[in-house]
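Colleague: mmCIF, C-alpha atoms, saved as upload_1.cif, coming up:
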```cif
data_entry
#
loop_
_atom_site.label_atom_id
_atom_site.label_comp_id
_atom_site.auth_asym_id
_atom_site.auth_seq_id
_atom_site.Cartn_x
_atom_site.Cartn_y
_atom_site.Cartn_z
CA MET A 1 -4.17 -2.77 -21.12
CA ALA A 2 -1.49 -4.38 -18.98
CA ALA A 3 0.11 -7.68 -18.18
CA ILE A 4 -0.04 -9.17 -14.69
CA ALA A 5 3.13 -10.09 -12.83
CA THR A 6 2.21 -12.60 -10.16
CA THR A 7 4.12 -14.69 -7.62
CA ASN A 8 1.23 -17.02 -6.84
CA SER A 9 3.20 -20.25 -7.14
CA ASP A 10 2.44 -23.46 -5.29
CA GLY A 11 0.28 -21.86 -2.62
CA GLY A 12 2.22 -18.65 -2.06
CA PRO A 13 0.77 -15.14 -1.96
CA ASP A 14 -0.99 -13.72 -5.00
CA LEU A 15 0.94 -10.57 -5.94
CA CYS A 16 0.15 -8.51 -9.03
CA PHE A 17 1.75 -5.34 -10.39
CA LEU A 18 -0.02 -3.66 -13.28
CA SER A 19 0.50 -0.51 -15.34
CA ALA A 20 -1.61 1.28 -17.92
CA LEU A 21 -1.15 4.37 -20.03
CA TRP A 22 -3.69 6.48 -21.89
CA ILE A 23 -2.45 9.30 -24.15
CA ASP A 24 -4.40 11.94 -26.06
CA GLU A 25 -5.10 10.98 -29.65
CA LYS A 26 -3.20 14.02 -30.95
CA PHE A 27 0.09 12.57 -29.63
CA ARG A 28 2.16 9.62 -30.80
CA LEU A 29 4.73 7.93 -28.56
CA LYS A 30 8.31 7.71 -29.77
CA LYS A 31 9.36 4.21 -30.79
CA SER A 32 12.01 4.07 -28.05
CA TYR A 33 9.40 4.81 -25.38
CA GLN A 34 6.95 2.32 -26.91
CA GLU A 35 9.63 -0.35 -26.48
CA LEU A 36 10.16 0.73 -22.86
CA VAL A 37 6.44 0.59 -22.15
CA LYS A 38 6.16 -2.84 -23.76
CA ASN A 39 9.31 -4.53 -22.43
CA VAL A 40 9.74 -2.94 -18.99
CA TYR A 41 6.23 -1.98 -17.90
CA LYS A 42 4.60 -4.89 -19.77
CA THR A 43 1.77 -2.79 -21.18
CA THR A 44 0.82 -0.68 -24.18
CA ALA A 45 -0.29 2.91 -24.59
CA LYS A 46 -3.82 3.56 -25.80
CA ASN A 47 -4.89 6.72 -27.60
CA VAL A 48 -8.08 8.34 -26.27
CA ASP A 49 -9.99 11.58 -26.65
CA PHE A 50 -9.71 13.34 -23.27
CA LYS A 51 -12.54 15.68 -24.25
CA ARG A 52 -14.81 12.65 -23.78
CA LYS A 53 -14.13 12.59 -20.04
CA GLU A 54 -16.84 10.14 -19.04
CA GLU A 55 -15.58 7.48 -21.45
CA VAL A 56 -11.96 7.86 -20.32
CA VAL A 57 -12.95 7.71 -16.64
CA GLU A 58 -15.16 4.66 -17.20
CA GLU A 59 -12.35 2.82 -18.97
CA ALA A 60 -9.74 3.75 -16.35
CA ASN A 61 -11.99 2.68 -13.47
CA SER A 62 -12.83 -0.57 -15.25
CA TRP A 63 -9.11 -1.24 -15.56
CA ALA A 64 -8.61 -0.45 -11.84
CA LYS A 65 -11.41 -2.84 -10.85
CA SER A 66 -9.95 -5.64 -12.95
CA ALA A 67 -6.40 -4.95 -11.77
CA THR A 68 -7.39 -5.16 -8.09
CA LYS A 69 -9.77 -8.12 -8.58
CA GLY A 70 -12.80 -6.04 -7.68
CA LEU A 71 -11.45 -4.50 -4.46
CA ILE A 72 -11.19 -0.98 -5.90
CA GLU A 73 -14.00 0.00 -8.23
CA GLN A 74 -13.76 3.77 -8.52
CA VAL A 75 -10.71 5.99 -8.41
CA LEU A 76 -11.27 8.64 -11.06
CA LYS A 77 -14.21 10.98 -11.55
CA PRO A 78 -14.89 13.17 -14.62
CA GLU A 79 -13.87 16.28 -12.68
CA HIS A 80 -10.38 14.82 -12.26
CA ILE A 81 -9.79 15.16 -16.03
CA ASN A 82 -8.99 18.82 -16.65
CA GLU A 83 -9.21 20.71 -19.94
CA ASP A 84 -5.50 20.32 -20.69
CA ALA A 85 -5.19 16.61 -19.90
CA THR A 86 -2.96 14.79 -22.39
CA LEU A 87 -1.64 11.75 -20.57
CA LEU A 88 -2.99 9.41 -17.89
CA LEU A 89 -0.75 6.91 -16.11
CA GLY A 90 -2.18 4.08 -14.02
CA ASN A 91 -0.38 1.81 -11.55
CA ALA A 92 -2.01 -0.94 -9.51
CA LEU A 93 -0.75 -3.30 -6.83
CA TYR A 94 -2.70 -6.29 -5.52
CA PHE A 95 -1.67 -8.62 -2.70
CA LYS A 96 -3.47 -11.55 -1.11
CA GLY A 97 -1.68 -13.81 1.33
CA THR A 98 -2.66 -16.39 3.93
CA TRP A 99 -0.85 -16.58 7.26
CA LYS A 100 1.75 -19.30 7.61
CA ASP A 101 0.05 -20.05 10.93
CA ASN A 102 -3.59 -18.93 11.00
CA PHE A 103 -5.22 -17.15 13.88
CA ILE A 104 -7.81 -19.37 15.55
CA GLN A 105 -11.22 -18.03 14.56
CA SER A 106 -13.00 -19.53 17.57
CA LEU A 107 -10.72 -17.52 19.87
CA THR A 108 -11.60 -14.17 18.28
CA GLN A 109 -13.28 -12.00 20.90
CA ASP A 110 -14.47 -8.42 21.32
CA LYS A 111 -12.19 -6.12 23.29
CA ASP A 112 -11.87 -2.39 23.86
CA PHE A 113 -9.80 -0.40 21.37
CA TYR A 114 -8.70 3.02 22.68
CA LEU A 115 -8.87 5.93 20.22
CA LEU A 116 -6.51 8.91 20.13
CA ASN A 117 -9.21 11.19 21.57
CA GLY A 118 -9.61 9.00 24.65
CA ASP A 119 -12.80 7.27 23.54
CA LYS A 120 -12.99 3.51 23.10
CA VAL A 121 -14.82 1.15 20.74
CA LEU A 122 -15.55 -2.57 20.92
CA VAL A 123 -13.55 -4.44 18.27
CA PRO A 124 -13.05 -8.14 17.31
CA PHE A 125 -9.50 -9.15 18.30
CA MET A 126 -7.71 -12.15 16.79
CA THR A 127 -5.38 -14.45 18.70
CA GLY A 128 -3.99 -18.00 18.57
CA CYS A 129 -1.23 -17.40 15.99
CA ASP A 130 2.07 -18.84 17.25
CA ASN A 131 4.29 -18.11 14.25
CA TYR A 132 5.74 -14.65 14.78
CA THR A 133 8.86 -12.79 15.86
CA TYR A 134 8.94 -9.95 18.38
CA GLY A 135 11.04 -6.95 19.37
CA SER A 136 10.94 -4.14 21.92
CA PHE A 137 12.29 -0.66 21.14
CA GLU A 138 12.57 2.71 22.84
CA SER A 139 8.97 3.81 22.30
CA TYR A 140 7.25 0.91 20.58
CA GLN A 141 6.99 -2.86 20.16
CA ALA A 142 7.03 -4.76 16.87
CA VAL A 143 5.65 -8.11 15.78
CA LYS A 144 6.27 -9.73 12.39
CA ILE A 145 3.98 -12.46 11.04
CA PRO A 146 4.98 -14.45 7.94
CA TYR A 147 2.66 -15.37 5.09
CA GLU A 148 2.48 -18.86 3.59
CA LYS A 149 5.31 -19.35 1.12
CA GLY A 150 5.05 -21.12 -2.23
CA LYS A 151 6.95 -24.43 -2.45
CA ASN A 152 9.19 -23.24 -5.27
CA ASP A 153 9.10 -19.54 -4.49
CA LYS A 154 12.18 -17.84 -3.06
CA LYS A 155 10.21 -14.76 -2.05
CA MET A 156 9.08 -14.44 1.57
CA PHE A 157 6.33 -11.99 2.53
CA SER A 158 5.38 -10.79 5.98
CA ILE A 159 3.41 -8.14 7.80
CA CYS A 160 4.91 -6.13 10.64
CA PHE A 161 2.84 -4.35 13.28
CA PHE A 162 4.40 -1.39 15.14
CA LEU A 163 2.60 -0.68 18.41
CA PRO A 164 3.46 2.51 20.37
CA ASN A 165 4.02 1.96 24.08
CA ALA A 166 1.70 4.88 24.87
CA LYS A 167 -1.96 4.64 23.92
CA ASP A 168 -1.69 8.06 22.24
CA GLY A 169 1.80 7.42 20.89
CA LEU A 170 1.03 6.98 17.17
CA PRO A 171 1.73 10.64 16.18
CA SER A 172 5.15 10.45 17.87
CA LEU A 173 5.91 7.13 16.21
CA LEU A 174 5.01 8.56 12.79
CA LYS A 175 7.40 11.47 13.37
CA LYS A 176 10.15 8.99 14.16
CA VAL A 177 9.35 6.92 11.07
CA ASN A 178 9.34 9.97 8.80
CA SER A 179 12.71 11.11 10.18
CA VAL A 180 14.43 7.83 9.24
CA PRO A 181 14.44 7.18 5.45
CA ASN A 182 15.24 3.47 5.82
CA PHE A 183 12.86 2.76 8.69
CA PHE A 184 10.73 0.25 6.78
CA THR A 185 13.65 -1.44 4.99
CA GLN A 186 15.90 -1.95 8.00
CA ASP A 187 16.56 -5.21 9.83
CA PHE A 188 14.55 -4.94 13.04
CA HIS A 189 16.47 -7.74 14.78
CA LEU A 190 13.34 -9.51 16.02
CA TRP A 191 13.38 -12.82 17.85
CA ASN A 192 11.06 -15.66 18.87
CA GLU A 193 9.18 -14.86 22.06
CA ASN A 194 6.38 -16.64 23.91
CA LEU A 195 4.02 -13.78 24.68
CA ALA A 196 1.60 -14.05 27.56
CA ALA A 197 -0.96 -12.20 25.43
CA PHE A 198 -0.98 -11.60 21.69
CA TYR A 199 -4.01 -9.83 20.17
CA ILE A 200 -4.42 -8.05 16.81
CA PRO A 201 -7.73 -6.39 15.82
CA LYS A 202 -9.49 -7.37 12.62
CA PHE A 203 -9.83 -4.40 10.28
CA LYS A 204 -10.88 -3.43 6.77
CA PHE A 205 -10.66 -0.02 5.18
CA SER A 206 -10.26 1.88 1.94
CA PHE A 207 -8.65 5.26 1.58
CA THR A 208 -8.36 7.81 -1.21
CA THR A 209 -5.98 10.75 -1.41
CA GLU A 210 -5.31 13.43 -4.02
CA GLU A 211 -2.25 14.66 -2.12
CA GLY A 212 0.20 12.44 -3.97
CA LEU A 213 1.69 15.31 -5.94
CA ASN A 214 2.40 17.35 -2.80
CA THR A 215 3.86 14.30 -1.09
CA MET A 216 6.22 13.60 -3.99
CA GLN A 217 7.35 17.23 -4.04
CA GLU A 218 8.01 17.15 -0.29
CA MET A 219 10.19 14.08 -0.90
CA GLY A 220 12.28 16.08 -3.36
CA MET A 221 10.82 15.03 -6.74
CA THR A 222 9.97 18.24 -8.59
CA LEU A 223 10.84 17.96 -12.30
CA PRO A 224 7.78 15.98 -13.54
CA PHE A 225 5.46 18.58 -11.96
CA ASP A 226 7.09 21.65 -13.53
CA GLU A 227 5.26 23.06 -16.57
CA THR A 228 8.61 24.08 -18.07
CA CYS A 229 10.13 20.60 -17.69
CA MET A 230 10.93 18.99 -21.06
CA ASP A 231 11.78 15.50 -19.75
CA LEU A 232 8.33 14.00 -20.34
CA THR A 233 7.95 15.84 -23.63
CA GLU A 234 10.69 13.60 -25.03
CA ILE A 235 8.41 10.56 -24.93
CA VAL A 236 6.22 11.82 -27.81
CA GLU A 237 7.00 12.53 -31.45
CA ASN A 238 5.20 15.83 -31.79
CA GLY A 239 6.26 17.72 -28.68
CA GLY A 240 4.41 18.69 -25.52
CA PRO A 241 4.20 20.17 -23.07
CA LEU A 242 3.77 17.12 -20.85
CA TYR A 243 3.93 17.32 -17.06
CA VAL A 244 2.21 15.71 -14.08
CA SER A 245 -0.56 17.91 -12.70
CA MET A 246 -2.32 15.45 -10.36
CA ILE A 247 -1.70 12.15 -8.55
CA ILE A 248 -4.63 10.20 -7.10
CA GLN A 249 -4.21 7.06 -5.03
CA LYS A 250 -6.75 4.69 -3.55
CA ALA A 251 -5.90 1.77 -1.28
CA PHE A 252 -7.80 -1.14 0.27
CA VAL A 253 -6.58 -3.42 3.07
CA GLU A 254 -8.33 -6.23 4.96
CA ILE A 255 -6.83 -8.25 7.81
CA ASP A 256 -8.63 -11.29 9.26
CA GLU A 257 -7.92 -14.72 10.77
CA LYS A 258 -6.94 -16.24 7.43
CA GLY A 259 -4.64 -13.56 6.10
CA THR A 260 -4.46 -10.26 4.25
CA GLU A 261 -5.97 -8.87 1.07
CA ALA A 262 -4.73 -5.48 -0.07
CA ALA A 263 -4.71 -3.33 -3.18
CA ALA A 264 -3.63 0.12 -4.26
CA VAL A 265 -4.19 2.10 -7.44
CA THR A 266 -2.39 5.30 -8.42
CA PHE A 267 -3.33 7.57 -11.31
CA ALA A 268 -1.06 10.41 -12.42
CA GLU A 269 -2.45 13.00 -14.80
CA ASP A 270 0.06 14.73 -17.02
CA ASP A 271 -0.61 18.70 -17.21
CA ASP A 272 19.68 1.99 12.27
CA MET A 273 17.42 3.19 14.81
CA GLY A 274 15.92 -0.28 14.86
CA CYS A 275 18.36 -1.92 17.30
CA CYS A 276 16.54 -3.57 20.19
CA LEU A 277 17.21 -2.08 23.59
CA SER A 278 16.69 -5.17 25.67
CA GLU A 279 16.76 -8.94 25.49
CA SER A 280 13.87 -8.99 27.99
CA PRO A 281 10.92 -7.36 26.17
CA PRO A 282 7.43 -7.08 27.62
CA LYS A 283 5.51 -10.34 27.54
CA ARG A 284 2.33 -8.87 25.99
CA PHE A 285 1.50 -7.52 22.55
CA VAL A 286 -2.08 -6.26 22.61
CA ALA A 287 -2.77 -3.81 19.76
CA ASP A 288 -5.65 -2.09 21.57
CA HIS A 289 -4.71 1.44 20.47
CA PRO A 290 -3.65 3.12 17.18
CA PHE A 291 -0.72 1.43 15.47
CA LEU A 292 1.29 1.25 12.25
CA PHE A 293 1.65 -1.72 9.90
CA MET A 294 3.78 -2.68 6.91
CA ILE A 295 3.70 -5.50 4.33
CA ARG A 296 7.01 -6.28 2.65
CA GLU A 297 8.99 -8.95 0.80
CA GLU A 298 11.78 -10.03 3.14
CA THR A 299 14.58 -11.13 0.80
CA THR A 300 14.69 -7.75 -0.94
CA ARG A 301 12.96 -5.77 1.85
CA SER A 302 10.69 -4.29 -0.81
CA VAL A 303 7.80 -2.52 0.91
CA LEU A 304 4.37 -3.16 -0.66
CA PHE A 305 2.02 -1.42 1.75
CA THR A 306 2.21 0.76 4.84
CA GLY A 307 -0.67 2.18 6.84
CA THR A 308 -2.04 3.22 10.20
CA VAL A 309 -5.05 1.87 12.06
CA VAL A 310 -6.64 4.54 14.24
CA ASN A 311 -10.09 2.95 14.49
CA PRO A 312 -10.61 -0.65 13.24
CA MET A 313 -14.38 -0.11 13.13
CA LEU A 314 -14.20 2.58 10.43
CA SER A 315 -14.21 1.30 6.86
CA GLY A 316 -12.75 4.55 5.56
CA SER A 317 -14.86 4.33 2.41
CA ASP A 318 -14.79 7.65 0.67
CA GLU A 319 -16.60 7.42 -2.61
#
```
Would you mind writing the structure in this file as structure tokens?

Modeller:
Amino acid sequence: MAAIATTNSDGGPDLCFLSALWIDEKFRLKKSYQELVKNVYKTTAKNVDFKRKEEVVEEANSWAKSATKGLIEQVLKPEHINEDATLLLGNALYFKGTWKDNFIQSLTQDKDFYLLNGDKVLVPFMTGCDNYTYGSFESYQAVKIPYEKGKNDKKMFSICFFLPNAKDGLPSLLKKVNSVPNFFTQDFHLWNENLAAFYIPKFKFSFTTEEGLNTMQEMGMTLPFDETCMDLTEIVENGGPLYVSMIIQKAFVEIDEKGTEAAAVTFAEDDDMGCCLSESPPKRFVADHPFLFMIREETTRSVLFTGTVVNPMLSGSDE
């Protein structure tokens, strides 16, 4: 259904973007949109009978599993396909990168991780990585760790951890992040620092949300979700209506001593606050309480994944 765009060159990260489109058999895409789908999104549209929900769901989930190399097996369920469904859009993102400087597995040790409710759990913490940059800000610290770069690849990927100073400071940090549109794309002005202690917990989780439509509307995008909108109708020869009635997203992220593997799938159904305050930051970065993380490409500052870790021991599986 879709072509893979990958930057896995000469040992660099494996990065894949995929798209897929299923349209009801009673519609036919306009030639101009077929060219757009083929040349820009590198995929083709497939006609299906949405009345046969189980078959459509099975095919879409099979595509998602293949697109994410088995990390995400089920996104859609038959009940997600409503009676008026005419168009299904799928987007997938897969990333797997190894650290430029691995954590030392023999140094991994169990430590307490403090939850937002005051409880604590015993979690494996990684250490021994010396290739990172550090910064201290008004209410949080940040550490950026680079991934191994391909020999002939100009792209540079990294993960950034944002650790609130207060053990219960994640909600406040999220408010700050949400109030600054360019928070994740800014230059954080980090520097090399020899930390007395540097520990990151291992974690693995998956997460599913059906709140994508509400989130997009809150961000100001409203036209595709309006039943009276004619914009999407223009992509087919024989009229509509066509509008987005549901957005479902599922993500998977795993962090360990060797690197990161992450994936996200989204289905849409159609019916400079970062300036450091001090040149003398704290000498410890121990992520033993809820924190925020981001994976991005550094030359373009394109953000691939963001997430929060509130309990590293929870897988977050939600089939």

Colleague: Expanded to explicit residues, what is the PyMOL selection byres ((chain A and resi 181-192) around 6) for this file, as a PyMOL selection string?

Modeller: chain A and resi 133-135+177+180+193+274+301

Colleague: Would you please work out which residue, of A:Leu88, A:Gly169, A:Lys69, A:Val37, is nearest to Trp22 in chain A when using only C-alpha atoms?

Modeller: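 Result for the nearest residue to Trp22 in chain A: A:Leu88.
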
Colleague: Residues picked by the PyMOL selection byres ((chain A and resi 163) around 10) here, as a list of chain:residue names?

Modeller: A:Ser136, A:Ser139, A:Tyr140, A:Gln141, A:Ala142, A:Val143, A:Cys160, A:Phe161, A:Phe162, A:Pro164, A:Asn165, A:Ala166, A:Lys167, A:Gly169, A:Leu170, A:Leu173, A:Phe285, A:Val286, A:Ala287, A:Asp288, A:His289, A:Pro290, A:Phe291, A:Leu292, A:Phe293

Colleague: Mind telling me what the PyMOL selection byres ((chain A and resi 60) around 12) catches here, as a ChimeraX atom specification?

Modeller: /A:1-2,19-22,46,48,50,53-59,61-67,72-78,80-81,88-92,265-269

Colleague: Find the distance between CA of Phe198 in chain A and CA of Glu297 in chain A and write it in Å to one decimal.

Modeller: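 Between CA of Phe198 in chain A and CA of Glu297 in chain A the gap is 23.3 Å.
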
Colleague: Just want the 12 Å neighbourhood of Lys38 in chain A, counted on all atoms listed in the file, with same-chain residues fewer than 3 positions away dropped. Output as a ChimeraX atom specification.

Modeller: /A:1-3,19-21,29,31-35,41-45

Colleague: Quick one: pull the distance between CA of Ala251 in chain A and CA of Pro201 in chain A, Å, one decimal.

Modeller: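 Between CA of Ala251 in chain A and CA of Pro201 in chain A the gap is 19.0 Å.
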
Colleague: What is the distance, in Å and to one decimal place, between CA of Lys144 in chain A and CA of Phe207 in chain A?

Modeller: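 CA of Phe207 in chain A lies at a distance of 23.8 Å from CA of Lys144 in chain A.
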
Colleague: Which residues of range 76-119 of chain A have any atom within 8 Å of an atom in range 253-262 of chain A when counting only C-alpha atoms, and what is the closest pair of atoms for each, with the distance in Å to one decimal? Order the rows by chain and rising number and write it as CSV.

Modeller:
```
residue,atom,partner,partner_atom,distance
A:Tyr94,CA,A:Ala262,CA,5.9
A:Phe95,CA,A:Ala262,CA,5.1
A:Lys96,CA,A:Glu261,CA,4.3
A:Gly97,CA,A:Thr260,CA,5.4
A:Thr98,CA,A:Gly259,CA,4.1
A:Trp99,CA,A:Gly259,CA,5.0
A:Asn102,CA,A:Lys258,CA,5.6
A:Phe103,CA,A:Glu257,CA,4.8
A:Ile104,CA,A:Glu257,CA,6.7
A:Gln105,CA,A:Glu257,CA,6.0
```

Colleague: Rank nothing, just name the residue among A:Asn238, A:Asn39, A:Gln109, A:Thr308 nearest to Pro171 in chain A, using only C-alpha atoms.

Modeller: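 When distances to Pro171 in chain A are compared using only C-alpha atoms, the smallest one comes from A:Thr308.
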
Colleague: Excluding Phe157 in chain A and any residue of its chain fewer than 3 positions from it, enumerate the residues within 8 Å of it, using only C-alpha atoms, and give them as a PDB file with C-alpha atoms, in the frame of the given file.

Modeller:
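Just written: out.pdb:
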```
ATOM      1  CA  PRO A  13       0.770 -15.140  -1.960  1.00  0.00           C
ATOM      2  CA  PRO A 146       4.980 -14.450   7.940  1.00  0.00           C
ATOM      3  CA  TYR A 147       2.660 -15.370   5.090  1.00  0.00           C
ATOM      4  CA  GLU A 148       2.480 -18.860   3.590  1.00  0.00           C
ATOM      5  CA  LYS A 149       5.310 -19.350   1.120  1.00  0.00           C
ATOM      6  CA  ILE A 295       3.700  -5.500   4.330  1.00  0.00           C
ATOM      7  CA  ARG A 296       7.010  -6.280   2.650  1.00  0.00           C
ATOM      8  CA  GLU A 297       8.990  -8.950   0.800  1.00  0.00           C
ATOM      9  CA  GLU A 298      11.780 -10.030   3.140  1.00  0.00           C
TER      10      GLU A 298
END
```

Colleague: Using all atoms listed in the file for the distances, tell me which of A:Phe203, A:Lys26, A:Asp168, A:Tyr132 is nearest to Leu314 in chain A.

Modeller: A:Phe203
